[in-house]
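entry.txt (compact mmCIF, C-alpha atoms)
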```
# COMPACT_ATOMS: atom_id res chain seq x y z
CA MET A 1 13.73 9.17 -17.59
CA ALA A 2 15.38 5.76 -17.91
CA ARG A 3 14.59 2.40 -19.46
CA VAL A 4 14.02 -0.23 -16.81
CA SER A 5 13.63 -3.94 -17.46
CA PHE A 6 11.12 -5.75 -15.23
CA ALA A 7 12.44 -9.29 -15.64
CA GLY A 8 12.22 -8.76 -19.41
CA ALA A 9 9.39 -6.26 -19.90
CA GLU A 10 10.80 -2.78 -20.45
CA ARG A 11 9.31 0.56 -19.47
CA GLU A 12 10.28 4.22 -19.39
CA ILE A 13 10.66 5.14 -15.73
CA CYS A 14 11.22 8.53 -14.08
CA ILE A 15 14.46 8.42 -12.07
CA ASP A 16 14.38 12.00 -10.73
CA PHE A 17 14.13 10.64 -7.17
CA VAL A 18 17.24 8.43 -7.53
CA PRO A 19 19.69 10.66 -9.41
CA GLU A 20 22.54 8.41 -8.21
CA ALA A 21 21.22 5.44 -10.24
CA GLU A 22 23.55 4.23 -12.96
CA VAL A 23 23.13 1.93 -15.94
CA GLY A 24 22.97 -1.65 -14.66
CA ASP A 25 21.61 -0.78 -11.21
CA TYR A 26 18.51 -2.39 -9.75
CA VAL A 27 15.84 0.05 -8.61
CA LEU A 28 12.60 -0.20 -6.68
CA VAL A 29 9.83 1.16 -8.94
CA HIS A 30 6.33 2.26 -8.00
CA VAL A 31 3.76 3.71 -10.46
CA GLY A 32 6.41 4.75 -12.98
CA PHE A 33 8.90 6.24 -10.52
CA ALA A 34 12.09 4.74 -9.15
CA LEU A 35 11.97 5.24 -5.36
CA SER A 36 15.22 3.65 -4.27
CA ARG A 37 18.35 2.08 -5.67
CA ILE A 38 18.83 -1.42 -4.32
CA ASP A 39 22.05 -1.44 -2.33
CA PRO A 40 24.08 -4.40 -3.66
CA GLU A 41 26.36 -4.53 -0.63
CA GLU A 42 23.52 -4.60 1.91
CA ALA A 43 21.67 -7.16 -0.22
CA GLU A 44 24.74 -9.41 -0.49
CA ARG A 45 25.48 -9.17 3.23
CA THR A 46 21.90 -10.14 4.16
CA LEU A 47 21.79 -12.90 1.58
CA GLU A 48 24.97 -14.39 2.97
CA GLU A 49 23.44 -14.51 6.47
CA LEU A 50 20.19 -15.91 5.10
CA ARG A 51 21.95 -18.63 3.11
CA ARG A 52 23.62 -19.78 6.32
CA ILE A 53 20.21 -20.04 7.95
CA GLY A 54 18.94 -22.05 4.97
CA GLU A 55 21.91 -24.43 5.20
CA LEU A 56 21.44 -25.17 8.91
CA THR A 57 19.08 -28.04 8.26
CA MET B 58 15.31 -12.13 -11.47
CA LYS B 59 18.13 -10.93 -9.23
CA TYR B 60 16.97 -9.67 -5.79
CA LEU B 61 13.68 -11.54 -6.21
CA ASP B 62 14.59 -15.22 -6.62
CA GLU B 63 17.01 -15.21 -3.68
CA TYR B 64 14.26 -13.87 -1.44
CA ARG B 65 11.89 -16.66 -2.49
CA ASP B 66 14.29 -19.46 -1.52
CA GLU B 67 12.34 -22.22 0.19
CA ALA B 68 15.31 -23.55 2.21
CA VAL B 69 15.90 -20.09 3.68
CA VAL B 70 12.20 -19.62 4.50
CA ARG B 71 12.09 -23.01 6.23
CA GLY B 72 15.35 -22.25 8.05
CA LEU B 73 13.83 -19.02 9.36
CA ALA B 74 10.65 -20.88 10.37
CA ARG B 75 12.77 -23.29 12.44
CA ARG B 76 14.66 -20.43 14.03
CA LEU B 77 11.32 -18.84 14.87
CA ALA B 78 10.01 -22.05 16.42
CA GLY B 79 13.08 -22.03 18.68
CA LEU B 80 12.44 -18.45 19.77
CA VAL B 81 8.78 -18.62 20.73
CA THR B 82 7.75 -19.36 24.29
CA ARG B 83 4.28 -17.79 24.34
CA PRO B 84 1.56 -16.49 22.01
CA TRP B 85 2.12 -13.32 20.02
CA VAL B 86 -0.17 -11.39 17.67
CA LEU B 87 1.59 -9.54 14.87
CA MET B 88 0.20 -7.36 12.10
CA GLU B 89 1.52 -6.70 8.63
CA ILE B 90 0.25 -3.31 7.53
CA CYS B 91 0.63 -3.55 3.80
CA GLY B 92 -1.70 -5.41 1.44
CA GLY B 93 1.24 -6.42 -0.74
CA GLN B 94 2.69 -8.23 2.25
CA THR B 95 -0.68 -9.86 3.04
CA HIS B 96 -0.74 -11.18 -0.51
CA THR B 97 2.77 -12.69 -0.21
CA ILE B 98 1.94 -14.29 3.15
CA LEU B 99 -1.13 -16.06 1.77
CA ARG B 100 0.31 -16.83 -1.65
CA TYR B 101 3.33 -18.63 -0.20
CA GLY B 102 1.45 -20.04 2.80
CA LEU B 103 3.80 -18.34 5.27
CA ASP B 104 1.03 -18.21 7.87
CA GLN B 105 0.95 -22.01 7.77
CA LEU B 106 4.70 -22.25 8.42
CA LEU B 107 4.49 -20.19 11.61
CA PRO B 108 4.43 -21.83 15.03
CA ALA B 109 0.84 -22.04 16.33
CA ALA B 110 1.69 -19.41 18.96
CA VAL B 111 2.41 -16.73 16.36
CA GLU B 112 -0.70 -15.23 14.79
CA LEU B 113 -0.57 -12.81 11.87
CA VAL B 114 -3.46 -10.40 11.43
CA HIS B 115 -3.80 -8.24 8.37
CA GLY B 116 -3.77 -4.48 8.43
CA PRO B 117 -5.49 -1.70 6.53
CA GLY B 118 -2.65 -1.14 4.10
CA PHE B 119 -4.07 -1.09 0.65
CA PRO B 120 -5.24 2.23 -0.73
CA VAL B 121 -8.05 0.69 -2.77
CA CYS B 122 -9.50 -0.73 0.42
CA VAL B 123 -9.49 2.43 2.49
CA THR B 124 -10.61 5.00 -0.09
CA PRO B 125 -13.92 6.18 1.37
CA LEU B 126 -17.21 5.39 -0.31
CA GLU B 127 -18.12 9.05 -0.71
CA LEU B 128 -14.93 9.70 -2.63
CA LEU B 129 -15.71 6.79 -4.94
CA ASP B 130 -19.11 8.36 -5.48
CA LYS B 131 -17.39 11.62 -6.39
CA ALA B 132 -15.14 9.76 -8.82
CA VAL B 133 -18.14 8.07 -10.43
CA ALA B 134 -19.99 11.42 -10.69
CA LEU B 135 -16.98 13.13 -12.29
CA ALA B 136 -16.28 10.27 -14.69
CA ALA B 137 -19.87 10.44 -15.98
CA ARG B 138 -19.52 14.07 -17.07
CA PRO B 139 -19.04 14.39 -20.84
CA GLU B 140 -16.27 17.01 -20.67
CA ILE B 141 -14.15 14.87 -18.32
CA CYS B 142 -11.59 12.20 -19.07
CA PHE B 143 -11.20 10.31 -15.79
CA VAL B 144 -7.89 8.50 -15.31
CA SER B 145 -7.22 5.96 -12.57
CA PHE B 146 -5.03 3.06 -11.54
CA GLY B 147 -6.72 -0.08 -12.85
CA ASP B 148 -7.70 -1.62 -9.54
CA MET B 149 -9.96 1.32 -8.59
CA LEU B 150 -12.30 0.68 -11.53
CA ARG B 151 -14.21 -2.17 -9.92
CA VAL B 152 -14.41 -0.84 -6.38
CA PRO B 153 -18.13 -0.45 -5.65
CA GLY B 154 -19.35 3.02 -4.74
CA SER B 155 -22.89 3.46 -3.50
CA GLN B 156 -24.06 4.07 -7.10
CA GLY B 157 -21.97 1.55 -9.05
CA ASP B 158 -18.31 1.61 -10.04
CA LEU B 159 -16.12 3.35 -12.61
CA LEU B 160 -16.27 0.37 -14.94
CA HIS B 161 -20.05 0.83 -15.20
CA VAL B 162 -19.50 4.48 -16.12
CA LYS B 163 -17.06 3.37 -18.81
CA ALA B 164 -19.52 0.76 -20.11
CA ALA B 165 -22.17 3.49 -20.36
CA GLY B 166 -19.88 5.55 -22.59
CA GLY B 167 -17.93 7.59 -20.02
CA ASP B 168 -14.31 8.42 -20.81
CA VAL B 169 -12.61 6.37 -18.10
CA ARG B 170 -9.02 5.32 -18.67
CA VAL B 171 -6.45 3.22 -16.84
CA ALA B 172 -2.94 4.54 -16.30
CA TYR B 173 0.15 2.87 -14.89
CA SER B 174 1.65 6.20 -13.81
CA PRO B 175 0.13 9.61 -13.02
CA LEU B 176 2.48 11.11 -15.61
CA GLU B 177 0.41 9.38 -18.29
CA ALA B 178 -2.59 11.43 -17.17
CA VAL B 179 -0.52 14.61 -17.51
CA HIS B 180 0.41 13.59 -21.05
CA LEU B 181 -3.26 12.92 -21.86
CA ALA B 182 -4.17 16.41 -20.63
CA ARG B 183 -1.53 17.87 -22.89
CA ALA B 184 -2.75 15.84 -25.87
CA MET B 185 -6.44 16.68 -25.33
CA PRO B 186 -6.74 20.40 -24.47
CA GLU B 187 -10.50 20.24 -25.14
CA LYS B 188 -11.00 17.76 -22.27
CA GLU B 189 -10.73 18.13 -18.51
CA VAL B 190 -8.40 15.34 -17.35
CA VAL B 191 -8.90 14.22 -13.75
CA PHE B 192 -6.51 11.74 -12.14
CA PHE B 193 -7.70 9.67 -9.18
CA ALA B 194 -4.75 10.31 -6.82
CA ILE B 195 -5.10 7.58 -4.24
CA GLY B 196 -2.39 5.85 -2.29
CA PHE B 197 -0.09 5.72 0.68
CA GLU B 198 3.23 7.53 1.11
CA THR B 199 4.65 5.34 -1.68
CA THR B 200 2.46 6.91 -4.37
CA ALA B 201 2.61 10.49 -3.09
CA PRO B 202 5.93 11.40 -4.79
CA ALA B 203 4.55 10.31 -8.19
CA ASN B 204 1.31 12.27 -7.75
CA ALA B 205 3.21 15.32 -6.48
CA MET B 206 5.50 15.14 -9.49
CA ALA B 207 2.44 14.99 -11.79
CA VAL B 208 1.24 18.32 -10.34
CA LEU B 209 4.67 19.91 -10.81
CA GLU B 210 4.86 18.58 -14.35
CA ALA B 211 1.36 19.90 -15.22
CA HIS B 212 2.40 23.25 -13.77
CA ARG B 213 5.64 23.25 -15.77
CA LEU B 214 3.69 22.53 -18.95
CA GLY B 215 1.20 25.29 -18.13
CA LEU B 216 -1.75 22.88 -18.29
CA GLU B 217 -5.10 24.28 -17.21
CA ASN B 218 -7.13 21.14 -17.86
CA PHE B 219 -5.46 18.77 -15.38
CA SER B 220 -6.52 18.08 -11.80
CA LEU B 221 -6.30 15.43 -9.08
CA LEU B 222 -9.09 13.87 -7.04
CA VAL B 223 -6.96 13.31 -3.95
CA SER B 224 -7.40 10.59 -1.35
CA HIS B 225 -3.91 10.14 0.05
CA VAL B 226 -3.46 8.36 3.37
CA LEU B 227 -0.55 8.01 5.80
CA VAL B 228 0.37 4.83 7.67
CA PRO B 229 1.72 6.00 11.07
CA PRO B 230 -1.53 7.74 12.18
CA ALA B 231 -3.48 4.55 11.35
CA ILE B 232 -1.08 2.45 13.45
CA ARG B 233 -1.49 4.97 16.27
CA LEU B 234 -5.27 4.63 16.08
CA LEU B 235 -5.07 0.82 16.16
CA LEU B 236 -2.75 0.95 19.18
CA GLN B 237 -5.02 3.36 21.02
CA SER B 238 -8.08 1.17 20.54
CA PRO B 239 -9.18 -0.69 23.69
CA ARG B 240 -9.83 -3.70 21.43
CA ASN B 241 -6.29 -3.79 20.06
CA ARG B 242 -4.64 -7.26 20.10
CA VAL B 243 -1.56 -6.45 18.04
CA GLN B 244 1.77 -6.70 19.88
CA GLY B 245 4.19 -6.08 17.02
CA PHE B 246 4.04 -4.57 13.54
CA ILE B 247 5.69 -5.30 10.23
CA ALA B 248 6.04 -1.76 8.90
CA PRO B 249 5.49 -1.31 5.15
CA GLY B 250 8.81 -1.41 3.31
CA HIS B 251 7.86 0.63 0.28
CA VAL B 252 6.25 3.38 2.36
CA CYS B 253 9.48 3.53 4.39
CA ALA B 254 11.59 3.58 1.20
CA VAL B 255 10.06 7.03 0.70
CA GLU B 256 9.49 8.34 4.22
CA GLY B 257 12.13 6.49 6.20
CA TYR B 258 11.25 4.98 9.57
CA ALA B 259 11.78 7.68 12.17
CA ALA B 260 7.99 7.84 12.68
CA TYR B 261 7.99 4.11 13.51
CA GLU B 262 10.76 4.62 16.07
CA GLU B 263 8.50 7.15 17.78
CA LEU B 264 5.53 4.76 17.74
CA ALA B 265 7.67 1.89 19.06
CA ALA B 266 8.88 4.03 21.95
CA GLU B 267 5.51 5.63 22.75
CA PHE B 268 3.48 2.41 22.79
CA ALA B 269 6.27 -0.03 23.75
CA VAL B 270 5.50 -2.08 20.65
CA PRO B 271 8.25 -3.37 18.32
CA MET B 272 8.14 -2.34 14.65
CA VAL B 273 10.19 -4.02 11.92
CA VAL B 274 10.37 -2.50 8.46
CA GLY B 275 9.79 -5.49 6.19
CA GLY B 276 10.18 -6.29 2.52
CA PHE B 277 7.70 -8.09 0.28
CA GLU B 278 9.20 -11.47 -0.53
CA PRO B 279 8.69 -14.63 1.57
CA VAL B 280 12.21 -14.51 3.03
CA ASP B 281 11.76 -10.84 3.95
CA LEU B 282 8.51 -11.50 5.78
CA MET B 283 9.72 -14.58 7.65
CA GLU B 284 12.82 -12.68 8.72
CA ALA B 285 10.70 -9.71 9.86
CA VAL B 286 8.50 -12.05 11.93
CA CYS B 287 11.64 -13.56 13.52
CA MET B 288 12.98 -10.10 14.36
CA LEU B 289 9.67 -9.07 15.95
CA VAL B 290 9.35 -12.25 18.01
CA ALA B 291 13.01 -12.00 19.12
CA GLN B 292 12.29 -8.50 20.46
CA LEU B 293 8.99 -9.49 22.08
CA GLU B 294 10.52 -12.51 23.83
CA LYS B 295 13.25 -10.24 25.26
CA GLY B 296 10.76 -7.58 26.29
CA GLU B 297 12.17 -5.05 23.83
CA ALA B 298 10.28 -2.55 21.70
CA ARG B 299 12.43 -0.91 19.03
CA ALA B 300 12.09 -0.03 15.38
CA GLU B 301 14.36 -2.22 13.25
CA ASN B 302 14.93 -2.44 9.53
CA GLN B 303 14.79 -5.83 7.82
CA TYR B 304 14.50 -4.30 4.33
CA VAL B 305 18.01 -2.80 4.35
CA ARG B 306 18.59 -3.26 0.63
CA SER B 307 15.89 -0.67 -0.18
CA VAL B 308 15.18 1.36 2.96
CA THR B 309 17.30 3.84 4.90
CA ARG B 310 16.31 5.58 8.11
CA ASP B 311 15.63 8.89 6.39
CA GLY B 312 14.02 7.45 3.27
CA ASN B 313 14.29 9.22 -0.06
CA LEU B 314 14.96 12.89 0.63
CA ALA B 315 14.43 14.00 -2.98
CA ALA B 316 11.00 12.35 -3.05
CA ARG B 317 10.08 13.74 0.39
CA ARG B 318 10.95 17.27 -0.75
CA VAL B 319 8.62 17.02 -3.75
CA VAL B 320 5.80 15.62 -1.59
CA GLU B 321 6.32 18.44 0.91
CA GLU B 322 6.24 21.03 -1.87
CA VAL B 323 2.87 19.87 -3.21
CA PHE B 324 0.97 18.28 -0.33
CA THR B 325 0.13 19.15 3.25
CA VAL B 326 -1.06 16.88 6.07
CA CYS B 327 -4.84 16.87 6.65
CA ASP B 328 -7.54 14.82 8.38
CA ARG B 329 -8.71 11.94 6.22
CA LYS B 330 -11.59 9.51 6.27
CA TRP B 331 -10.62 5.83 5.87
CA ARG B 332 -13.17 3.41 4.47
CA GLY B 333 -14.21 1.00 7.18
CA ILE B 334 -12.42 2.93 9.95
CA GLY B 335 -13.70 6.50 9.89
CA SER B 336 -11.96 9.84 10.09
CA ILE B 337 -8.40 9.79 11.46
CA GLU B 338 -6.75 13.02 12.52
CA ARG B 339 -3.81 14.16 10.38
CA SER B 340 -3.80 10.85 8.51
CA GLY B 341 -3.90 12.10 4.95
CA LEU B 342 -2.35 14.40 2.41
CA GLY B 343 -4.20 17.15 0.55
CA LEU B 344 -2.97 19.67 -2.02
CA ARG B 345 -1.44 22.83 -0.59
CA GLU B 346 -3.36 26.07 -1.11
CA LYS B 347 -0.75 27.07 -3.65
CA TRP B 348 -1.83 24.17 -5.88
CA ALA B 349 -5.58 24.48 -5.28
CA ARG B 350 -6.23 24.93 -8.99
CA PHE B 351 -5.17 21.28 -9.46
CA ASP B 352 -7.73 20.07 -6.90
CA ALA B 353 -10.63 18.38 -8.72
CA ALA B 354 -12.89 18.51 -5.65
CA ARG B 355 -12.65 22.32 -5.63
CA ARG B 356 -12.60 22.76 -9.35
CA PHE B 357 -15.84 20.87 -9.86
CA GLY B 358 -17.50 21.81 -6.55
CA LEU B 359 -18.19 18.28 -5.39
CA ALA B 360 -20.48 17.84 -2.40
CA ALA B 361 -20.23 15.00 0.11
CA SER B 362 -22.70 12.18 -0.57
CA GLY B 363 -22.92 10.79 2.98
CA ALA B 364 -23.05 7.27 1.53
CA GLU B 365 -22.97 4.28 3.89
CA GLU B 366 -21.44 0.80 3.58
CA PRO B 367 -23.66 -2.25 3.03
CA PRO B 368 -24.58 -3.30 6.60
CA GLU B 369 -23.48 -6.91 6.15
CA CYS B 370 -19.89 -6.00 5.16
CA ILE B 371 -17.45 -6.41 8.08
CA SER B 372 -14.54 -4.71 6.30
CA ALA B 373 -14.16 -2.29 9.23
CA GLU B 374 -13.31 -5.21 11.55
CA ILE B 375 -11.05 -6.80 8.94
CA LEU B 376 -9.11 -3.62 8.22
CA GLN B 377 -8.39 -3.22 11.93
CA GLY B 378 -7.24 -6.81 12.37
CA LEU B 379 -10.22 -7.64 14.62
CA ALA B 380 -11.67 -10.26 12.28
CA LYS B 381 -10.40 -12.53 9.51
CA PRO B 382 -12.14 -12.57 6.12
CA THR B 383 -13.33 -16.11 6.76
CA ASP B 384 -15.24 -14.85 9.82
CA CYS B 385 -17.62 -12.99 7.50
CA PRO B 386 -20.92 -14.75 6.73
CA ALA B 387 -20.99 -13.17 3.25
CA PHE B 388 -17.42 -14.31 2.38
CA GLY B 389 -17.34 -16.33 -0.84
CA ILE B 390 -21.15 -16.46 -0.98
CA ARG B 391 -22.68 -13.01 -1.34
CA CYS B 392 -19.29 -11.33 -1.58
CA THR B 393 -16.80 -12.58 -4.20
CA PRO B 394 -14.11 -10.95 -6.37
CA THR B 395 -16.60 -10.75 -9.27
CA HIS B 396 -19.35 -9.29 -7.06
CA PRO B 397 -17.52 -7.57 -4.22
CA MET B 398 -19.56 -6.11 -1.39
CA GLY B 399 -16.67 -4.28 0.24
CA ALA B 400 -13.31 -2.95 -0.85
CA PRO B 401 -11.03 -5.68 0.63
CA MET B 402 -12.61 -8.16 -1.83
CA VAL B 403 -11.94 -6.03 -4.89
CA SER B 404 -8.23 -5.82 -5.38
CA ALA B 405 -5.81 -8.76 -5.33
CA GLU B 406 -4.05 -7.16 -2.37
CA GLY B 407 -7.18 -6.76 -0.28
CA ALA B 408 -7.25 -9.28 2.59
CA CYS B 409 -10.64 -10.74 1.56
CA ALA B 410 -9.56 -11.21 -2.07
CA ALA B 411 -6.28 -12.82 -0.97
CA TYR B 412 -8.18 -15.27 1.27
CA HIS B 413 -10.68 -15.93 -1.51
CA ARG B 414 -7.85 -16.77 -3.88
CA TYR B 415 -5.67 -18.85 -1.58
CA ARG B 416 -7.81 -20.05 1.34
CA ARG B 417 -11.31 -20.47 -0.09
CA LEU B 418 -11.26 -24.28 0.00
CA GLU B 419 -10.36 -24.43 3.67
CA VAL B 420 -13.50 -22.49 4.45
CA SER B 421 -15.78 -24.91 2.66
CA GLN B 422 -14.30 -27.90 4.47
```

Show me the file's structure as structure tokens.
Amino acid sequence: MARVSFAGAEREICIDFVPEAEVGDYVLVHVGFALSRIDPEEAERTLEELRRIGELT
Amino acid sequence: MKYLDEYRDEAVVRGLARRLAGLVTRPWVLMEICGGQTHTILRYGLDQLLPAAVELVHGPGFPVCVTPLELLDKAVALAARPEICFVSFGDMLRVPGSQGDLLHVKAAGGDVRVAYSPLEAVHLARAMPEKEVVFFAIGFETTAPANAMAVLEAHRLGLENFSLLVSHVLVPPAIRLLLQSPRNRVQGFIAPGHVCAVEGYAAYEELAAEFAVPMVVGGFEPVDLMEAVCMLVAQLEKGEARAENQYVRSVTRDGNLAARRVVEEVFTVCDRKWRGIGSIERSGLGLREKWARFDAARRFGLAASGAEEPPECISAEILQGLAKPTDCPAFGIRCTPTHPMGAPMVSAEGACAAYHRYRRLEVSQ
């Protein structure tokens, strides 16, 4: 189990399905279980592309 | 919050809408499967940012909406028994069965409780050995790992007073059924991101190839959905039909192998009845024979009720993307979130409830 903050509200969450999760990671949680660890590199890469789209106004 | 705010950025959403407008040369009908995505689309008005040629129809993807009436009747019957503590996710409590809902049972003194996680029901069973604790195990692939883990945990604790009333459904067989229908209008699908976080998207690659229909695994924020629509339209305009992944920060092709192993250990694929659609072959999960003692339907010998939907409710058409909630003559008049006639009006993620919340005024104009 792990403590997960949902934008401030904290809950005990089962992380058996994401054993690779470390303190400070962001995880996708559904009904009390973490189902995936959000990949910071993929997220950053996509966000960079998306920001460019947003700036092309 | 990080990874949420960035995906709600208005400039990016509008940028994607402009890119989309530049891509479209003819009309396309797309479907988002998941109710969570339907809710985002209506809440942020994404449907109104799309070019007129791109139509979004809403799929059957919310477990509350597709749990069959007869199973709700079983839940209500179980919850009314004095020896049973019936535990459910909160949004199932107001879904009307043919003989009332779980909230009525609770009001009449039944022991009906709301849980955030199935593990809470296991803990209740441990704390109350004198009671039979039944958990209403509904959901798509996303919820299956949690419910499977609850069975393993109850087994580990040696609990003999814990069982599941199971109504698990699977998305790919429902998409297959929609695509096989002679009335199908959908030309591209936004596949449900959280389902794919668990199961991966190999099954969607097969569907894309078999039916020559593009599938894009999409996230749940406005930017995610606009990007998924762009990716679908880009494929359609080029005559392509592949499975692609927009939701790369949370979904990999193989999904979550640890979660899939636990699901496989506890559940097996079975035929399942979907509310509003009917029985779909191999579209559900049931407990394996090995875990039959945790099956509430067997444990309490529940018989089928053969209950029917109210004839005026068009949820069957809505759940298949053949009608919009506002096409229903009962919408907002005889069917409202406080007095729902059919399941899509009950939960916030049901298409009818989402339209009632965000599009009600347009209807009255």

Task: Polymer residues at most 8 Å from A:Glu55, only C-alpha atoms, same-chain spacing of 4 or more positions, as an MDAnalysis selection string - done: (chainID A and resid 51) or (chainID B and resid 68:69 72)

What are the closest atom pairs, with distances in Å to one decimal, for all residues of chain A lying within 9 Å of chain B? Consider only C-alpha atoms, order rows by chain and residue number, and present the result as a Markdown table.
```
| residue | atom | partner | partner_atom | distance |
| --- | --- | --- | --- | --- |
| A:Phe6 | CA | B:Met58 | CA | 8.5 |
| A:Ala7 | CA | B:Met58 | CA | 5.8 |
| A:Asp16 | CA | B:Ala315 | CA | 8.0 |
| A:Phe17 | CA | B:Ala315 | CA | 5.4 |
| A:Val18 | CA | B:Ala315 | CA | 7.7 |
| A:Pro19 | CA | B:Ala315 | CA | 9.0 |
| A:Tyr26 | CA | B:Tyr60 | CA | 8.4 |
| A:Val27 | CA | B:Ser307 | CA | 8.5 |
| A:Leu28 | CA | B:Ser307 | CA | 7.3 |
| A:His30 | CA | B:Thr200 | CA | 7.1 |
| A:Val31 | CA | B:Ser174 | CA | 4.7 |
| A:Gly32 | CA | B:Ser174 | CA | 5.0 |
| A:Phe33 | CA | B:Ala203 | CA | 6.4 |
| A:Leu35 | CA | B:Val255 | CA | 6.6 |
| A:Ser36 | CA | B:Ser307 | CA | 6.0 |
| A:Arg37 | CA | B:Ser307 | CA | 6.6 |
| A:Ile38 | CA | B:Ser307 | CA | 5.1 |
| A:Asp39 | CA | B:Arg306 | CA | 4.9 |
| A:Pro40 | CA | B:Arg306 | CA | 7.1 |
| A:Glu41 | CA | B:Arg306 | CA | 8.0 |
| A:Glu42 | CA | B:Arg306 | CA | 5.3 |
| A:Ala43 | CA | B:Arg306 | CA | 5.0 |
| A:Glu44 | CA | B:Arg306 | CA | 8.8 |
| A:Thr46 | CA | B:Val305 | CA | 8.3 |
| A:Leu47 | CA | B:Glu63 | CA | 7.5 |
| A:Leu50 | CA | B:Val69 | CA | 6.2 |
| A:Arg51 | CA | B:Val69 | CA | 6.2 |
| A:Arg52 | CA | B:Val69 | CA | 8.2 |
| A:Ile53 | CA | B:Gly72 | CA | 5.3 |
| A:Gly54 | CA | B:Val69 | CA | 3.8 |
| A:Glu55 | CA | B:Ala68 | CA | 7.3 |
| A:Leu56 | CA | B:Gly72 | CA | 6.8 |
| A:Thr57 | CA | B:Gly72 | CA | 6.9 |
```

Where's the centre, and what are the edge lengths in Å to one decimal, of a box along x, y and z enclosing all listed atoms of stretch 295-310 of chain B padded 6 Å per side, as AutoDock Vina command-line options?
```
--center_x 14.4 --center_y -2.3 --center_z 13.1 --size_x 20.3 --size_y 27.8 --size_z 38.5
```

Open item on the list: Please compute the atom CA of B:Leu235-atom CA of B:Tyr261 distance, one decimal, in Å.
Closed with: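 Taking atom CA of B:Leu235 as the start and atom CA of B:Tyr261 as the end point, the length is 13.7 Å.
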
Task: Who sits within 10 Å of B:Thr82, only C-alpha atoms, same chain under 4 positions skipped, as a list of chain:residue names - done: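 Contacts, with the query itself left out: B:Ala78, B:Ala110, B:Val111, B:Val290, B:Glu294.
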
Open item on the list: Give me, as a PyMOL selection string, all polymer residues having an atom no more than 6 Å from A:Met1, counting all atoms listed in the file and skipping those fewer than 2 positions away in the same chain.
Closed with: chain A and resi 13-15

- [ ] Mind giving me the straight-line distance from atom CA of B:Cys287 to atom CA of B:Leu80 in Å, one decimal?
- [x] 8.0 Å

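Between atom CA of B:Cys253 and atom CA of B:Val86 there is a distance of 22.2 Å.
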
Near-stretch 239-242 of chain B list (12 Å; all atoms listed in the file; drop same-chain fewer than 5 positions) as an mmCIF file with C-alpha atoms, in the frame of the given file:
```cif
data_model
loop_
_atom_site.group_PDB
_atom_site.id
_atom_site.type_symbol
_atom_site.label_atom_id
_atom_site.label_comp_id
_atom_site.auth_asym_id
_atom_site.auth_seq_id
_atom_site.Cartn_x
_atom_site.Cartn_y
_atom_site.Cartn_z
ATOM 1 C CA PRO B 84 1.560 -16.490 22.010
ATOM 2 C CA TRP B 85 2.120 -13.320 20.020
ATOM 3 C CA VAL B 86 -0.170 -11.390 17.670
ATOM 4 C CA LEU B 87 1.590 -9.540 14.870
ATOM 5 C CA MET B 88 0.200 -7.360 12.100
ATOM 6 C CA GLU B 112 -0.700 -15.230 14.790
ATOM 7 C CA LEU B 113 -0.570 -12.810 11.870
ATOM 8 C CA VAL B 114 -3.460 -10.400 11.430
ATOM 9 C CA HIS B 115 -3.800 -8.240 8.370
ATOM 10 C CA GLY B 116 -3.770 -4.480 8.430
ATOM 11 C CA ILE B 232 -1.080 2.450 13.450
ATOM 12 C CA ARG B 233 -1.490 4.970 16.270
ATOM 13 C CA LEU B 234 -5.270 4.630 16.080
ATOM 14 C CA PHE B 268 3.480 2.410 22.790
ATOM 15 C CA VAL B 270 5.500 -2.080 20.650
ATOM 16 C CA GLU B 374 -13.310 -5.210 11.550
ATOM 17 C CA GLN B 377 -8.390 -3.220 11.930
ATOM 18 C CA GLY B 378 -7.240 -6.810 12.370
ATOM 19 C CA LEU B 379 -10.220 -7.640 14.620
ATOM 20 C CA ALA B 380 -11.670 -10.260 12.280
#
```

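Within 12 Å of the point (6.8, 8.7, 14.3) in file coordinates, and counting all atoms listed in the file, lie the residues B:Leu227, B:Val228, B:Pro229, B:Pro230, B:Ala231, B:Ile232, B:Arg233, B:Ala248, B:Cys253, B:Glu256, B:Gly257, B:Tyr258, B:Ala259, B:Ala260, B:Tyr261, B:Glu262, B:Glu263, B:Leu264, B:Ala265, B:Ala266, B:Glu267, B:Phe268, B:Met272, B:Ala300, B:Arg310, B:Asp311.
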
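Around the point (-23.6, 1.0, -8.2), within 12 Å and counting only C-alpha atoms, we find these residues: Leu126, Leu129, Asp130, Val133, Ala134, Leu150, Arg151, Val152, Pro153, Gly154, Ser155, Gln156, Gly157, Asp158, Leu159, Leu160, His161, Val162, Ala364, Glu366, Pro367, His396, Pro397 and Met398 of chain B.
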
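Around B:Pro382, within 8 Å and counting only C-alpha atoms, the residues found are Ile375, Phe388, Ala408, Cys409 and Tyr412 of chain B, once anything fewer than 4 positions away on its own chain is removed.
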
Selected residues written out, C-alpha atoms, as an mmCIF file, in the coordinates of the input:
```cif
data_model
loop_
_atom_site.group_PDB
_atom_site.id
_atom_site.type_symbol
_atom_site.label_atom_id
_atom_site.label_comp_id
_atom_site.auth_asym_id
_atom_site.auth_seq_id
_atom_site.Cartn_x
_atom_site.Cartn_y
_atom_site.Cartn_z
ATOM 1 C CA ILE B 375 -11.050 -6.800 8.940
ATOM 2 C CA PHE B 388 -17.420 -14.310 2.380
ATOM 3 C CA ALA B 408 -7.250 -9.280 2.590
ATOM 4 C CA CYS B 409 -10.640 -10.740 1.560
ATOM 5 C CA TYR B 412 -8.180 -15.270 1.270
#
```
